[in-house]
Every structure is written in C-alpha cells, then in structure tokens.
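Source file final22.cif; content: mmCIF, C-alpha atoms.
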```
data_data
loop_
_atom_site.group_PDB
_atom_site.id
_atom_site.type_symbol
_atom_site.label_atom_id
_atom_site.label_comp_id
_atom_site.auth_asym_id
_atom_site.auth_seq_id
_atom_site.Cartn_x
_atom_site.Cartn_y
_atom_site.Cartn_z
ATOM 1 C CA MET A 96 88.585 39.890 203.954
ATOM 2 C CA LEU A 97 85.845 38.385 206.150
ATOM 3 C CA HIS A 98 88.042 35.343 206.739
ATOM 4 C CA ILE A 99 90.967 37.611 207.713
ATOM 5 C CA LEU A 100 88.757 39.602 210.108
ATOM 6 C CA GLU A 101 87.310 36.467 211.692
ATOM 7 C CA HIS A 102 90.732 34.901 212.128
ATOM 8 C CA SER A 103 92.096 38.146 213.631
ATOM 9 C CA LEU A 104 89.171 38.476 216.054
ATOM 10 C CA LEU A 105 89.673 34.918 217.298
ATOM 11 C CA ASP A 106 93.425 35.415 217.701
ATOM 12 C CA THR A 107 92.905 38.624 219.675
ATOM 13 C CA ALA A 108 90.071 37.244 221.817
ATOM 14 C CA ARG A 109 92.291 34.389 223.015
ATOM 15 C CA LEU A 110 94.835 36.894 224.327
ATOM 16 C CA LEU A 111 92.455 39.213 226.215
ATOM 17 C CA PRO A 112 92.122 37.180 229.460
ATOM 18 C CA PHE A 113 95.900 36.952 229.768
ATOM 19 C CA LEU A 114 96.275 40.661 229.000
ATOM 20 C CA TYR A 115 93.729 41.599 231.660
ATOM 21 C CA LEU A 116 95.352 39.490 234.389
ATOM 22 C CA THR A 117 98.774 40.861 233.476
ATOM 23 C CA TYR A 118 97.594 44.479 233.583
ATOM 24 C CA LEU A 119 95.780 43.879 236.864
ATOM 25 C CA PHE A 120 99.060 42.705 238.387
ATOM 26 C CA MET A 121 100.894 45.670 236.844
ATOM 27 C CA GLU A 122 98.330 48.129 238.240
ATOM 28 C CA LEU A 123 98.793 46.597 241.685
ATOM 29 C CA LEU A 124 102.545 47.117 241.427
ATOM 30 C CA GLU A 125 102.068 50.670 240.202
ATOM 31 C CA HIS A 126 99.727 51.687 243.012
ATOM 32 C CA ARG A 127 101.724 50.014 245.766
ATOM 33 C CA PHE A 128 105.356 50.603 244.807
ATOM 34 C CA SER A 129 105.795 53.477 242.303
ATOM 35 C CA GLY A 130 106.340 56.113 245.011
ATOM 36 C CA ARG A 131 108.876 53.932 246.810
ATOM 37 C CA ALA A 132 110.700 53.269 243.546
ATOM 38 C CA ALA A 133 111.083 56.999 242.809
ATOM 39 C CA ALA A 134 112.389 57.569 246.342
ATOM 40 C CA LEU A 135 114.831 54.682 245.926
ATOM 41 C CA MET A 136 116.186 56.210 242.703
ATOM 42 C CA ARG A 137 116.702 59.515 244.528
ATOM 43 C CA ARG A 138 118.754 57.863 247.265
ATOM 44 C CA ALA A 139 120.752 55.524 245.006
ATOM 45 C CA GLY A 140 123.632 57.956 244.443
ATOM 46 C CA ARG A 141 126.459 56.474 242.387
ATOM 47 C CA PHE A 142 124.558 53.171 242.217
ATOM 48 C CA GLY A 143 121.707 54.928 240.402
ATOM 49 C CA PRO A 144 122.232 53.099 237.076
ATOM 50 C CA LEU A 145 122.035 49.699 238.810
ATOM 51 C CA VAL A 146 118.859 50.655 240.680
ATOM 52 C CA GLY A 147 117.431 52.276 237.543
ATOM 53 C CA GLY A 148 118.141 49.223 235.425
ATOM 54 C CA LEU A 149 116.417 46.924 237.906
ATOM 55 C CA LEU A 150 113.419 49.189 238.492
ATOM 56 C CA GLY A 151 112.999 49.907 234.785
ATOM 57 C CA ALA A 152 112.461 46.209 234.129
ATOM 58 C CA VAL A 153 109.355 46.266 236.347
ATOM 59 C CA PRO A 154 106.371 46.686 233.997
ATOM 60 C CA GLN A 155 105.013 50.111 234.933
ATOM 61 C CA CYS A 156 104.474 53.235 232.864
ATOM 62 C CA GLY A 157 105.329 55.290 235.954
ATOM 63 C CA PHE A 158 109.017 54.422 236.188
ATOM 64 C CA SER A 159 110.135 55.862 232.840
ATOM 65 C CA ALA A 160 108.011 58.986 233.386
ATOM 66 C CA ALA A 161 109.332 59.322 236.932
ATOM 67 C CA ALA A 162 112.935 58.974 235.755
ATOM 68 C CA ALA A 163 112.400 61.721 233.154
ATOM 69 C CA GLY A 164 110.984 64.040 235.810
ATOM 70 C CA LEU A 165 113.755 63.289 238.307
ATOM 71 C CA TYR A 166 116.409 63.895 235.652
ATOM 72 C CA ALA A 167 114.837 67.170 234.483
ATOM 73 C CA GLY A 168 114.720 68.239 238.122
ATOM 74 C CA GLY A 169 118.403 67.485 238.653
ATOM 75 C CA VAL A 170 117.708 64.658 241.120
ATOM 76 C CA VAL A 171 119.189 61.706 239.208
ATOM 77 C CA SER A 172 122.069 61.399 236.771
ATOM 78 C CA VAL A 173 121.927 60.865 233.029
ATOM 79 C CA GLY A 174 123.210 57.330 233.617
ATOM 80 C CA THR A 175 120.252 56.504 235.849
ATOM 81 C CA LEU A 176 117.887 57.952 233.255
ATOM 82 C CA LEU A 177 119.427 55.886 230.438
ATOM 83 C CA ALA A 178 119.381 52.749 232.597
ATOM 84 C CA VAL A 179 115.652 53.129 233.237
ATOM 85 C CA PHE A 180 114.884 53.955 229.602
ATOM 86 C CA LEU A 181 116.854 50.999 228.212
ATOM 87 C CA SER A 182 115.428 48.465 230.659
ATOM 88 C CA THR A 183 111.807 49.671 230.427
ATOM 89 C CA SER A 184 109.716 46.890 228.942
ATOM 90 C CA ASP A 185 106.617 48.988 228.040
ATOM 91 C CA GLU A 186 104.072 46.546 226.514
ATOM 92 C CA MET A 187 106.592 43.783 225.824
ATOM 93 C CA LEU A 188 105.819 41.784 228.959
ATOM 94 C CA PRO A 189 101.998 41.654 228.581
ATOM 95 C CA ILE A 190 102.357 40.541 224.957
ATOM 96 C CA LEU A 191 104.901 37.844 225.850
ATOM 97 C CA ILE A 192 102.673 36.538 228.632
ATOM 98 C CA SER A 193 99.521 36.628 226.520
ATOM 99 C CA TYR A 194 101.335 34.657 223.805
ATOM 100 C CA ARG A 195 102.427 32.182 226.517
ATOM 101 C CA ALA A 196 106.095 32.679 225.744
ATOM 102 C CA PRO A 197 108.457 30.432 227.747
ATOM 103 C CA VAL A 198 109.088 31.788 231.240
ATOM 104 C CA LEU A 199 112.839 31.435 230.743
ATOM 105 C CA LEU A 200 112.686 33.667 227.645
ATOM 106 C CA VAL A 201 110.762 36.344 229.548
ATOM 107 C CA VAL A 202 113.135 36.308 232.523
ATOM 108 C CA GLU A 203 116.281 36.280 230.385
ATOM 109 C CA LEU A 204 115.026 39.109 228.171
ATOM 110 C CA LEU A 205 114.145 41.291 231.163
ATOM 111 C CA ALA A 206 117.525 40.517 232.755
ATOM 112 C CA LEU A 207 119.372 41.286 229.514
ATOM 113 C CA LYS A 208 117.671 44.654 229.113
ATOM 114 C CA ALA A 209 118.332 45.516 232.762
ATOM 115 C CA ALA A 210 122.010 44.519 232.438
ATOM 116 C CA ILE A 211 122.490 46.574 229.259
ATOM 117 C CA GLY A 212 120.731 49.529 230.880
ATOM 118 C CA ALA A 213 122.907 49.392 233.996
ATOM 119 C CA ALA A 214 126.146 48.980 232.001
ATOM 120 C CA VAL A 215 125.348 51.887 229.680
ATOM 121 C CA GLY A 216 124.238 53.977 232.671
ATOM 122 C CA PHE A 217 127.519 53.502 234.537
ATOM 123 C CA ALA A 218 129.464 54.326 231.370
ATOM 124 C CA ALA A 219 127.396 57.486 230.828
ATOM 125 C CA ASP A 220 127.928 58.634 234.423
ATOM 126 C CA ALA A 221 131.669 58.096 234.043
ATOM 127 C CA LEU A 222 131.648 60.434 231.048
ATOM 128 C CA VAL A 223 129.061 62.976 232.238
ATOM 129 C CA ARG A 224 129.431 64.091 235.838
ATOM 130 C CA ARG A 225 127.046 67.043 236.036
ATOM 131 C CA ARG A 226 123.335 66.927 236.832
ATOM 132 C CA ARG A 227 120.540 68.985 235.356
ATOM 133 C CA PRO A 228 119.330 72.200 237.066
ATOM 134 C CA ALA A 229 116.310 71.758 239.331
ATOM 135 C CA GLY A 230 112.877 71.909 237.697
ATOM 136 C CA THR A 231 109.353 72.332 239.000
ATOM 137 C CA GLU A 232 107.437 69.383 237.564
ATOM 138 C CA THR A 233 106.652 66.495 239.893
ATOM 139 C CA VAL A 234 106.240 62.822 239.099
ATOM 140 C CA HIS A 235 102.527 63.148 239.890
ATOM 141 C CA ASP A 236 102.251 65.955 237.307
ATOM 142 C CA LEU A 237 103.894 63.756 234.674
ATOM 143 C CA CYS A 238 101.512 60.874 235.262
ATOM 144 C CA GLU A 239 98.510 63.188 235.169
ATOM 145 C CA HIS A 240 99.687 64.730 231.892
ATOM 146 C CA ASP A 241 99.915 61.356 230.198
ATOM 147 C CA HIS A 242 96.940 59.743 231.955
ATOM 148 C CA CYS A 243 99.111 56.946 233.339
ATOM 149 C CA HIS A 244 96.736 56.378 236.284
ATOM 150 C CA CYS A 245 99.780 56.052 238.518
ATOM 151 C CA GLY A 246 97.887 56.948 241.671
ATOM 152 C CA GLY A 247 94.426 56.246 243.069
ATOM 153 C CA GLY A 248 91.487 54.871 241.163
ATOM 154 C CA ASN A 249 89.971 51.435 240.745
ATOM 155 C CA LEU A 250 92.560 48.782 239.928
ATOM 156 C CA PHE A 251 90.120 46.574 238.052
ATOM 157 C CA LEU A 252 88.816 49.406 235.866
ATOM 158 C CA ALA A 253 92.337 50.670 235.189
ATOM 159 C CA ALA A 254 93.408 47.175 234.107
ATOM 160 C CA LEU A 255 90.306 46.951 231.914
ATOM 161 C CA ARG A 256 91.124 50.297 230.255
ATOM 162 C CA HIS A 257 94.645 49.094 229.476
ATOM 163 C CA THR A 258 93.339 45.768 228.160
ATOM 164 C CA VAL A 259 90.762 47.396 225.881
ATOM 165 C CA SER A 260 93.276 49.961 224.601
ATOM 166 C CA ILE A 261 95.956 47.389 223.799
ATOM 167 C CA GLY A 262 93.369 44.878 222.611
ATOM 168 C CA VAL A 263 92.009 47.310 220.020
ATOM 169 C CA PHE A 264 95.490 48.092 218.732
ATOM 170 C CA LEU A 265 96.432 44.425 218.734
ATOM 171 C CA LEU A 266 93.315 43.616 216.709
ATOM 172 C CA LEU A 267 94.096 46.327 214.136
ATOM 173 C CA PHE A 268 97.708 45.207 213.920
ATOM 174 C CA THR A 269 96.677 41.557 213.586
ATOM 175 C CA VAL A 270 94.209 42.398 210.796
ATOM 176 C CA ALA A 271 96.891 44.369 208.955
ATOM 177 C CA LEU A 272 99.501 41.646 209.451
ATOM 178 C CA ASN A 273 97.140 38.870 208.347
ATOM 179 C CA ALA A 274 96.177 40.913 205.280
ATOM 180 C CA VAL A 275 99.844 41.378 204.345
ATOM 181 C CA LEU A 276 100.543 37.690 204.919
ATOM 182 C CA HIS A 277 97.535 36.751 202.791
ATOM 183 C CA LEU A 278 98.471 39.071 199.910
ATOM 184 C CA ALA A 279 102.255 38.721 199.924
ATOM 185 C CA GLY A 280 102.658 35.363 201.573
ATOM 186 C CA GLU A 281 104.303 34.674 204.926
ATOM 187 C CA ASP A 282 107.414 33.243 203.296
ATOM 188 C CA VAL A 283 107.964 36.399 201.242
ATOM 189 C CA LEU A 284 107.575 38.710 204.237
ATOM 190 C CA ALA A 285 109.843 36.533 206.365
ATOM 191 C CA ARG A 286 112.535 36.565 203.651
ATOM 192 C CA VAL A 287 112.341 40.363 203.385
ATOM 193 C CA LEU A 288 112.692 40.935 207.127
ATOM 194 C CA GLN A 289 115.201 38.199 207.850
ATOM 195 C CA GLY A 290 117.194 38.568 204.621
ATOM 196 C CA ASN A 291 118.047 42.209 205.342
ATOM 197 C CA ARG A 292 119.094 41.925 208.961
ATOM 198 C CA ALA A 293 120.983 45.220 209.133
ATOM 199 C CA VAL A 294 117.996 47.072 207.729
ATOM 200 C CA SER A 295 115.580 45.297 210.082
ATOM 201 C CA VAL A 296 117.716 46.190 213.117
ATOM 202 C CA VAL A 297 117.865 49.889 212.208
ATOM 203 C CA ALA A 298 114.183 49.969 211.248
ATOM 204 C CA ALA A 299 113.126 48.292 214.512
ATOM 205 C CA ALA A 300 115.239 50.736 216.537
ATOM 206 C CA ILE A 301 113.656 53.713 214.770
ATOM 207 C CA VAL A 302 110.167 52.298 215.307
ATOM 208 C CA GLY A 303 111.037 51.817 218.978
ATOM 209 C CA LEU A 304 111.511 55.578 219.335
ATOM 210 C CA VAL A 305 107.790 56.140 218.736
ATOM 211 C CA PRO A 306 106.458 57.238 222.173
ATOM 212 C CA ASN A 307 103.477 54.933 222.068
ATOM 213 C CA CYS A 308 102.626 51.394 223.146
ATOM 214 C CA ALA A 309 102.118 50.551 219.462
ATOM 215 C CA ALA A 310 105.869 50.316 218.919
ATOM 216 C CA SER A 311 106.634 47.660 221.529
ATOM 217 C CA VAL A 312 103.434 45.732 220.705
ATOM 218 C CA ALA A 313 104.297 45.576 217.003
ATOM 219 C CA ILE A 314 107.956 44.675 217.541
ATOM 220 C CA THR A 315 107.198 41.945 220.105
ATOM 221 C CA THR A 316 104.370 40.494 218.019
ATOM 222 C CA LEU A 317 106.495 40.329 214.867
ATOM 223 C CA TYR A 318 109.217 38.521 216.810
ATOM 224 C CA LEU A 319 106.791 36.025 218.333
ATOM 225 C CA ASP A 320 105.299 35.389 214.885
ATOM 226 C CA GLY A 321 108.779 34.558 213.607
ATOM 227 C CA LEU A 322 108.939 37.522 211.218
ATOM 228 C CA LEU A 323 111.599 39.500 213.085
ATOM 229 C CA GLY A 324 114.993 38.322 214.287
ATOM 230 C CA PHE A 325 116.040 38.450 217.934
ATOM 231 C CA GLY A 326 118.601 41.193 217.327
ATOM 232 C CA ALA A 327 116.076 43.429 215.587
ATOM 233 C CA MET A 328 113.548 42.801 218.345
ATOM 234 C CA LEU A 329 116.146 43.636 221.012
ATOM 235 C CA ALA A 330 117.116 46.844 219.198
ATOM 236 C CA GLY A 331 113.527 48.040 219.066
ATOM 237 C CA LEU A 332 112.711 47.136 222.668
ATOM 238 C CA LEU A 333 115.859 48.746 224.061
ATOM 239 C CA VAL A 334 114.930 52.030 222.405
ATOM 240 C CA SER A 335 111.254 51.816 223.355
ATOM 241 C CA THR A 336 110.817 53.881 226.544
ATOM 242 C CA GLY A 337 107.048 53.942 226.847
ATOM 243 C CA VAL A 338 106.061 57.500 227.727
ATOM 244 C CA GLY A 339 109.470 58.284 229.216
ATOM 245 C CA LEU A 340 111.044 59.967 226.193
ATOM 246 C CA LEU A 341 107.874 61.930 225.508
ATOM 247 C CA MET A 342 107.849 63.180 229.108
ATOM 248 C CA LEU A 343 111.502 64.179 228.866
ATOM 249 C CA VAL A 344 110.963 66.223 225.708
ATOM 250 C CA ARG A 345 107.882 67.833 227.211
ATOM 251 C CA ILE A 346 109.424 69.085 230.457
ATOM 252 C CA HIS A 347 113.165 69.259 229.761
ATOM 253 C CA ARG A 348 113.905 72.462 227.837
ATOM 254 C CA ASP A 349 117.476 71.608 226.822
ATOM 255 C CA TRP A 350 116.757 70.256 223.327
ATOM 256 C CA LYS A 351 120.435 69.519 222.675
ATOM 257 C CA ASP A 352 120.562 67.321 225.748
ATOM 258 C CA ASN A 353 117.337 65.621 224.672
ATOM 259 C CA LEU A 354 118.865 64.914 221.264
ATOM 260 C CA ARG A 355 121.992 63.471 222.873
ATOM 261 C CA ILE A 356 119.911 61.156 225.059
ATOM 262 C CA THR A 357 117.761 60.089 222.098
ATOM 263 C CA GLY A 358 120.873 59.504 219.996
ATOM 264 C CA ALA A 359 122.449 57.438 222.768
ATOM 265 C CA LEU A 360 119.331 55.258 223.026
ATOM 266 C CA LEU A 361 119.259 54.741 219.275
ATOM 267 C CA ALA A 362 122.984 53.943 219.128
ATOM 268 C CA VAL A 363 122.807 51.409 221.969
ATOM 269 C CA GLY A 364 119.786 49.712 220.418
ATOM 270 C CA ILE A 365 121.374 49.432 216.979
ATOM 271 C CA VAL A 366 124.758 48.271 218.301
ATOM 272 C CA CYS A 367 123.338 45.638 220.676
ATOM 273 C CA GLY A 368 120.804 44.412 218.139
ATOM 274 C CA GLY A 369 123.389 44.419 215.355
ATOM 275 C CA VAL A 370 125.874 42.375 217.393
ATOM 276 C CA CYS A 371 123.187 39.779 218.176
ATOM 277 C CA GLU A 372 122.224 39.513 214.508
ATOM 278 C CA LEU A 373 125.867 39.364 213.395
ATOM 279 C CA LEU A 374 126.713 36.586 215.840
ATOM 280 C CA GLY A 375 123.384 34.841 215.343
ATOM 281 C CA TRP A 376 122.829 35.007 219.106
ATOM 282 C CA SER A 377 119.378 34.550 220.596
ATOM 283 C CA LEU A 378 117.774 33.635 223.910
#
```
Structure re-expressed in structure tokens:
Amino acid sequence: MLHILEHSLLDTARLLPFLYLTYLFMELLEHRFSGRAAALMRRAGRFGPLVGGLLGAVPQCGFSAAAAGLYAGGVVSVGTLLAVFLSTSDEMLPILISYRAPVLLVVELLALKAAIGAAVGFAADALVRRRRPAGTETVHDLCEHDHCHCGGGNLFLAALRHTVSIGVFLLLFTVALNAVLHLAGEDVLARVLQGNRAVSVVAAAIVGLVPNCAASVAITTLYLDGLLGFGAMLAGLLVSTGVGLLMLVRIHRDWKDNLRITGALLAVGIVCGGVCELLGWSL
C-alpha cells in the first residue's frame, strides 16, 4: 500500500504544473470572454447550434451554465443548448494537456465534439421550434450558485483552487486505480473493459451524466491509461456537461423537458460511442 501511495503521489505531482498553467489560461478566458460569449449566443438566431458548438468547446465552466440559464429564460433554442452541452469539454482538456497528449488528438477531439454538438443542435431545432418561457435567473446567479468564479477575483488564486481541487481528486482516483491494477492486474482490467465494448460505452455514458468534474477526469484518465476504448471515452465525454445539466435541473421547472434533454444527451453519447467502437474508429 505504501508503494501504491508513493507511486500515485509521484504521478500526480508531475501533472500539477501543467494543470495549473492550463487552469490559469482557462481563468483568463473565463474572465475576459464569458460575457461576450453569452451575448453572442443570444444574437446567433438560427445559427445558434453552430455558435453553441464552437463556444462549448472552449474550456470554461461558464458556458454550459450560461446556456442552461439562457434556455430556461427562453433566450436560446433547445438545439443551441444541446450543442453547448455536447461540445463542453469540462475537465477533459486539462487532463489531456497534463498527460502531454498529442496536440493533434486534442484538436481533433475538440473539433469532433463541436461538430457532433452542432449537427445534433440543428436537428433538434428542426424538430422543436418553440422556446421556453422567460425566467428570472441570470447567468451571474448561476455561476454564484455553483461557485464557478466566472467573474472578478484573483486569476492566480482561482487557478490554484481549481488545480488543488482536481489534483486531490486525481490523486484519490490514481490511488484507487493503482490499487485495482495491483490486485487484479492491468491485463485483467483491460480485458474486462475492452472485451465488453457495448457495456463500456453505456457505462461511460451513464458516468458522464454525473454533474461533477470527477466524471470527465475518470473517463479521460482511463482512456489515456489504455483501459478504455475511444468510443467509450467519446460517449462519456459527450454526455459530460460540467455543471450545465445540474444548473438546468435547478432552475428549469419543466421536469419532462429536462428528462427529454437528458435522454437526448445519453442517446447521442451511446450512439456516437457505439458506432466508433463498432467500426473500430479512433483519432
């Protein structure tokens, strides 16, 4: 156990500088451009899903929360909301960068999620024309509720808070993963996950629904460690909306509509991930 803990601490410590620099850049984006992004989504009109898909790929917690608030307030369409949710990367990008994943993989994965989000968004808008009745919550209220630190504050301290928070979870996850690998053997775990591809795709998509950074961190880490296939990883990351889905459920009182949106996310994740696994396609 001491060996596992030592190995996990070293693995996590190597990632922290990269995590901090990534979150510092993300905080800069959030403070400088989140308000403009929300305004751009408001003005996008019928091109909302395209704008939402592109903006959702930018690594900020504010975009998915903002999209939920704008949808609940009747400002943007369901297609724009789905486009943002599906393209939102949550903690995927910091983990990829900290693991020094190839730049081409990062760019292609972000582009793929944005393209799927935009395509699904346009299809949803073609089927659902109406918008939601106006609400009273603002984007600022949403960020305050979830402590996103979307406005004001010290960039360096905010980045440090994110780094410590994700670092602690990453350490716990690494300890647990190393313990499982030590007890069961990496080959056994890999065979279980990769030998039941349909199950792994569905399981990853369900895990992705968890409104917490833990979901995207775990899914991305398992993929980078070679224990999860590309299709399963894609399924989980498409469904993972950061705090967006949680914000939607909190402020949008139409539970049937919330269930439809959640079901659509889950269906898209499973279908896209399943097709990739079936065809053996990967980036």
Worksheet item: Given the file above and the PyMOL selection byres ((chain A and resi 179) around 12), which residues are selected, and can you give them as number ranges by chain?
Response: A: 132-133, 136, 143-163, 165-166, 171-178, 180-185, 208-217, 333-340, 360
Item to complete: In the coordinates of the file, take the point (100.0, 44.1, 221.8) and a cut-off of 6 Å; then, counting only C-alpha atoms, name each qualifying protein, DNA or RNA residue as a ChimeraX atom specification.
Response: /A:190,261,265,312
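For the residues A:Ala254, A:Ala309, A:Val170, A:Met96, ranking by smallest atom-to-atom distance to A:Leu332 using all atoms listed in the file places A:Ala309 first.
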Worksheet entry | Nearest to A:Phe142 by atom-to-atom distance, counting only C-alpha atoms, from A:Glu203, A:Asp220, A:Asp106, A:Asp320 | A:Asp220
Worksheet item: Got a sec to check which residues sit within 12 Å of (106.5, 35.7, 231.1), counting all atoms listed in the file, and write them as number ranges by chain?
Response: A: 113-114, 117, 154, 184, 187-205
Discussion item. One decimal, in Å: what's the spacing between atom CA of A:Leu104 and atom CA of A:His257?
Written reply: 18.0 Å
Worksheet entry | Distance of atom CA of A:Glu122 from atom CA of A:Thr315, expressed in Å to one decimal place |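 If I compute the distance from atom CA of A:Thr315 to atom CA of A:Glu122, I get 21.1 Å.
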Worksheet item: How far is it from atom CA of A:Val270 to atom CA of A:His102, in Å with one decimal?
Response: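 Value for the atom CA of A:Val270-atom CA of A:His102 distance: 8.4 Å.
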Discussion item. When you count all atoms listed in the file, which of these residues is closest to A:Leu343: A:Gly164, A:Leu116, A:Gly326, A:Thr107?
Written reply: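 Ranked by minimum distance to A:Leu343, first place goes to A:Gly164.
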Can I get the residues of stretch 250-360 of chain A within 12 Å of stretch 371-374 of chain A, each with the closest pair of atoms and their distance in Å to one decimal, using all atoms listed in the file, sorted chain first then ascending number, as a tab-separated table?
```
residue	atom	partner	partner_atom	distance
A:Gln289	CA	A:Glu372	CA	9.8
A:Gly290	CA	A:Glu372	CA	11.1
A:Asn291	CA	A:Glu372	CA	10.4
A:Arg292	CA	A:Glu372	CA	6.8
A:Ala293	CA	A:Glu372	CA	7.9
A:Val294	CA	A:Glu372	CA	11.0
A:Ser295	CA	A:Glu372	CA	9.9
A:Val296	CA	A:Glu372	CA	8.2
A:Val297	CA	A:Glu372	CA	11.5
A:Leu323	CA	A:Glu372	CA	10.7
A:Gly324	CA	A:Glu372	CA	7.3
A:Phe325	CA	A:Glu372	CA	7.1
A:Gly326	CA	A:Cys371	CA	4.9
A:Ala327	CA	A:Glu372	CA	7.4
A:Met328	CA	A:Glu372	CA	10.0
A:Leu329	CA	A:Cys371	CA	8.5
A:Ala330	CA	A:Cys371	CA	9.4
```
Using C-alpha atoms, can you export the residues from the last selection as a PDB file, keeping the file's coordinate frame?
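Okay, this is what ended up in again.pdb:
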```
ATOM      1  CA  GLN A 289     115.201  38.199 207.850  1.00  0.00           C
ATOM      2  CA  GLY A 290     117.194  38.568 204.621  1.00  0.00           C
ATOM      3  CA  ASN A 291     118.047  42.209 205.342  1.00  0.00           C
ATOM      4  CA  ARG A 292     119.094  41.925 208.961  1.00  0.00           C
ATOM      5  CA  ALA A 293     120.983  45.220 209.133  1.00  0.00           C
ATOM      6  CA  VAL A 294     117.996  47.072 207.729  1.00  0.00           C
ATOM      7  CA  SER A 295     115.580  45.297 210.082  1.00  0.00           C
ATOM      8  CA  VAL A 296     117.716  46.190 213.117  1.00  0.00           C
ATOM      9  CA  VAL A 297     117.865  49.889 212.208  1.00  0.00           C
ATOM     10  CA  LEU A 323     111.599  39.500 213.085  1.00  0.00           C
ATOM     11  CA  GLY A 324     114.993  38.322 214.287  1.00  0.00           C
ATOM     12  CA  PHE A 325     116.040  38.450 217.934  1.00  0.00           C
ATOM     13  CA  GLY A 326     118.601  41.193 217.327  1.00  0.00           C
ATOM     14  CA  ALA A 327     116.076  43.429 215.587  1.00  0.00           C
ATOM     15  CA  MET A 328     113.548  42.801 218.345  1.00  0.00           C
ATOM     16  CA  LEU A 329     116.146  43.636 221.012  1.00  0.00           C
ATOM     17  CA  ALA A 330     117.116  46.844 219.198  1.00  0.00           C
TER      18      ALA A 330
END
```
Discussion item. Given all atoms listed in the file as the basis, pick out the residue of A:Leu119, A:Cys367, A:Ile99, A:Ile301 nearest to A:Leu252.
Written reply: A:Leu119
